[in-house]
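See below for the structure under consideration.
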Amino acid sequence: MKRIARSTLQTAINLVFFAVLATAILASVFFLTRDAIKKSEEAEKMKLINQIVPSTLFDNNIIKDTLTIPANELLGTEDNTLAYRARLKGEPSAVVLESIAPDGFSGRIWLILAVRANGELAGVRVVTHKETPGLGDYIELPKSPWIKNFDGKSRAGYKDADWKVKKDGGQFDYMAGATITPRAVVKAVNKALVYFEQNRDKLFAPSPQQSPRPLAGEGKL
Amino acid sequence: MNLQEYKDIFYNGLWKQNPGIVQLLGLCPLLAVSSTVVNAVSLGLATSLVMALSNLSIAPIRSYVPNEIRIPVFILIIAVLVTVVQYLMNAYMYGLYVVLGIFIPLIVTNCIVLARVEAFASKNSALPSAMDGLAMGLGLTAVLGVLGAMREVIGKGTLFSGIDLALGDMAQGWVLHIIPDYKGFLIAILPPGAFIGLGLLIAGRNWLNLRAAQKARSKPAPTPLASPEAAQG
């Protein structure tokens, strides 16, 4: 009996030793790579933002000038997201919003869109989606320029009925065989613009709050 | 360990006991990420690195690990190594990290890693074990690469698309458009394409083996037996 107890104890100590060692290694690698990870995530975010906000529109540090937006039905978000504010000589020029189209062909489509201060879209990009490769994925820029249709559009120029694909009587092109995907994106962009109209002043209000958080799409792959 | 034994280790990993088309282990990433060459080879190399490191680190401590808890300890070490690789990719190859996504942490559950630790590293010394991990990993990478090339050319008409994610912006122009103005062949990109492609690769390997065996038989050799490989393949 005593021998069994001793060997059990030895085995347990052995396992604990390896667990502690593993934790120590992981913790040190985590601290060693933490800054580099943060830097590459910010660089990636900046790359996306640069694509949709022309560099002539801002002179501030967009990544740091953020506003936390609580979950919102118009944006399709179920969690806090960040809005990035572009300012030129202190004057608000554009805001970058995250939005989720809940009704894609294969689930959600994460979007990022930049709205100029006058309510015009500066650009829209798809961050993550699971649409069928080769069919619904033309909403991605590398696959097709379709997403650039949104550039310069606004709710002042297009009425609600225009914010639909042409098949449904709206103004937006689509590709035959994949209508559900663009329908979801167009609807989500329109709703995000409605959100912008309703919250314009709040979005551009200067706020000292600076709490960088990853884009909603990341980590939910 | 002499040179011949190292040669055997590599011959086993790359051809005779190839994890992808002979042992058929580690199919989860094989089928999921082999839609392009770049994705396939990147995950293959990450897996090879983990396999070499896990064999290398487990072989020296094999006598200190009690038999009853060897599996949890091995898995713990593999999980640590995979997480380290994941941190490094997140920090220095962000684009690729996003593309491979969930499949990097899933290397832990890839049975080929534990299989080599259990079958080789727990019985051999450090250096041959590391070589075994590397050889098996490279064998898997080769299969992944060929499968990725097949699926990408047939499915999209390109080769090396997305290479800039792995090698940086300077590689942006390296994408080859094998078939210009190709409309694409969807099934090759979707999971069934991976199964069909893998089946063709296995068939191809068996055909090569059979042909080699027939050649050996038709020759007036002192031992007219077919090579043992033919029966096995």
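Just so we're on the same page: first chain in the structure tokens is A, next is B, and so on; residues restart at 1 for each chain, and ligands are numbered from 1 in the order they show up.
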
Notebook entry, point to check: Using the chain letters and numbers from this document, which residues of segment 87-180 of chain B does DSSP assign to strand (DSSP E or B), as a list of chain:residue names?
Noted result: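 Selection result, strand (DSSP E or B) within segment 87-180 of chain B: B:Thr158, B:Leu159, B:Leu176, B:His177.
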
Would you write out those residues with all heavy atoms, as a CSV table (one decimal), in the first residue's frame?
chain,number,residue,atom,x,y,z
B,158,THR,N,-4.3,29.4,-61.2
B,158,THR,CA,-3.1,30.1,-60.8
B,158,THR,C,-2.1,29.2,-60.0
B,158,THR,O,-2.5,28.1,-59.6
B,158,THR,CB,-3.4,31.3,-59.9
B,158,THR,OG1,-4.1,30.8,-58.7
B,158,THR,CG2,-4.3,32.3,-60.6
B,159,LEU,N,-0.9,29.7,-59.7
B,159,LEU,CA,0.0,29.0,-58.8
B,159,LEU,C,0.6,30.1,-57.9
B,159,LEU,O,0.8,31.2,-58.4
B,159,LEU,CB,1.1,28.3,-59.6
B,159,LEU,CG,1.0,26.8,-59.8
B,159,LEU,CD1,2.2,26.3,-60.5
B,159,LEU,CD2,0.7,26.0,-58.6
B,176,LEU,N,1.7,33.0,-60.5
B,176,LEU,CA,1.7,32.6,-61.9
B,176,LEU,C,0.3,32.3,-62.3
B,176,LEU,O,-0.5,31.6,-61.6
B,176,LEU,CB,2.5,31.3,-62.0
B,176,LEU,CG,4.0,31.3,-61.6
B,176,LEU,CD1,4.6,29.9,-61.8
B,176,LEU,CD2,4.7,32.3,-62.5
B,177,HIS,N,-0.1,32.9,-63.5
B,177,HIS,CA,-1.4,32.6,-64.0
B,177,HIS,C,-1.2,31.6,-65.1
B,177,HIS,O,-1.0,31.9,-66.2
B,177,HIS,CB,-2.1,33.9,-64.5
B,177,HIS,CG,-2.4,34.9,-63.4
B,177,HIS,ND1,-3.6,34.9,-62.8
B,177,HIS,CD2,-1.7,35.8,-62.8
B,177,HIS,CE1,-3.6,35.8,-61.8
B,177,HIS,NE2,-2.5,36.4,-61.8

Check: For chain A against chain B, which residues fall within 9 Å using only C-alpha atoms, given as a ChimeraX atom specification?
Finding: /A:11-12,14-15,18-19,22-23,25-26,29-30,33-41,44,132-135,218-219,221

Checklist line | segment 68-198 of chain B: residues DSSP assigns to alpha helix (DSSP H), reported as a ChimeraX atom specification | finding: /B:70-92,94-100,111-116,126-156,163-167,186-189,191-198

Note to self: I'd like the contact shell of segment 108-122 of chain A - 6 Å cut-off, only C-alpha atoms, skipping same-chain residues fewer than 2 positions apart - returned as a PyMOL selection string.
What the structure shows: chain A and resi 52+93-102+104+124-129+151-154+217

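Rounded to one decimal, atom CA of Pro128 of chain B and atom CA of Leu56 of chain B lie 8.4 Å from each other.
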
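Compared by their closest atoms to Phe204 of chain A, and using only C-alpha atoms, the residues A:Arg183, A:Arg155, A:Arg85, A:Lys166 rank with A:Arg85 nearest.
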
Next item on the list: To one decimal in Å, tell me the separation between atom CA of Glu91 of chain A and atom CA of Asn50 of chain A.
Entry: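 Atom CA of Asn50 of chain A lies at a distance of 18.5 Å from atom CA of Glu91 of chain A.
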
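Residues with any atom within 12 Å of Phe172 of chain A, counting only C-alpha atoms and excluding same-chain neighbours fewer than 6 positions away, are A:Trp146, A:Ile147, A:Lys148, A:Asn149, A:Phe150, A:Asp151, A:Lys153, A:Tyr158, A:Ala161, A:Asp162, A:Trp163, A:Lys164, A:Val165, A:Lys166, A:Thr179, A:Pro182, A:Arg183, A:Ala184, A:Val185, A:Val186, A:Lys187, A:Val189, A:Asn190.
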
Go ahead and save the picked residues with C-alpha atoms, as a PDB file, in the first residue's frame.
ATOM      1  CA  TRP A 146     -17.377  45.110 -56.968  1.00  0.00           C
ATOM      2  CA  ILE A 147     -16.974  46.516 -53.446  1.00  0.00           C
ATOM      3  CA  LYS A 148     -15.738  49.803 -54.959  1.00  0.00           C
ATOM      4  CA  ASN A 149     -19.322  50.424 -56.166  1.00  0.00           C
ATOM      5  CA  PHE A 150     -19.915  51.897 -52.737  1.00  0.00           C
ATOM      6  CA  ASP A 151     -17.269  54.620 -53.084  1.00  0.00           C
ATOM      7  CA  LYS A 153     -22.399  56.728 -52.430  1.00  0.00           C
ATOM      8  CA  TYR A 158     -29.694  57.166 -53.015  1.00  0.00           C
ATOM      9  CA  ALA A 161     -35.307  51.788 -52.486  1.00  0.00           C
ATOM     10  CA  ASP A 162     -31.991  52.319 -54.299  1.00  0.00           C
ATOM     11  CA  TRP A 163     -30.024  50.503 -51.600  1.00  0.00           C
ATOM     12  CA  LYS A 164     -30.747  47.113 -53.124  1.00  0.00           C
ATOM     13  CA  VAL A 165     -29.238  44.954 -55.835  1.00  0.00           C
ATOM     14  CA  LYS A 166     -30.585  45.615 -59.330  1.00  0.00           C
ATOM     15  CA  THR A 179     -27.366  37.368 -55.217  1.00  0.00           C
ATOM     16  CA  PRO A 182     -24.320  41.249 -52.329  1.00  0.00           C
ATOM     17  CA  ARG A 183     -27.884  41.677 -51.040  1.00  0.00           C
ATOM     18  CA  ALA A 184     -26.610  41.162 -47.486  1.00  0.00           C
ATOM     19  CA  VAL A 185     -23.683  43.542 -47.967  1.00  0.00           C
ATOM     20  CA  VAL A 186     -25.770  46.329 -49.533  1.00  0.00           C
ATOM     21  CA  LYS A 187     -28.340  46.054 -46.753  1.00  0.00           C
ATOM     22  CA  VAL A 189     -23.941  49.198 -45.588  1.00  0.00           C
ATOM     23  CA  ASN A 190     -27.243  51.083 -45.828  1.00  0.00           C
TER      24      ASN A 190
END

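Rounded to one decimal, atom CA of Asp137 of chain A and atom CA of Ile180 of chain A lie 11.4 Å from each other.
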
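Between Gly90 of chain A and the residues A:Ala27, A:Leu57, A:Leu32, A:Leu203, the shortest atom-to-atom distance, using only C-alpha atoms, involves A:Leu57.
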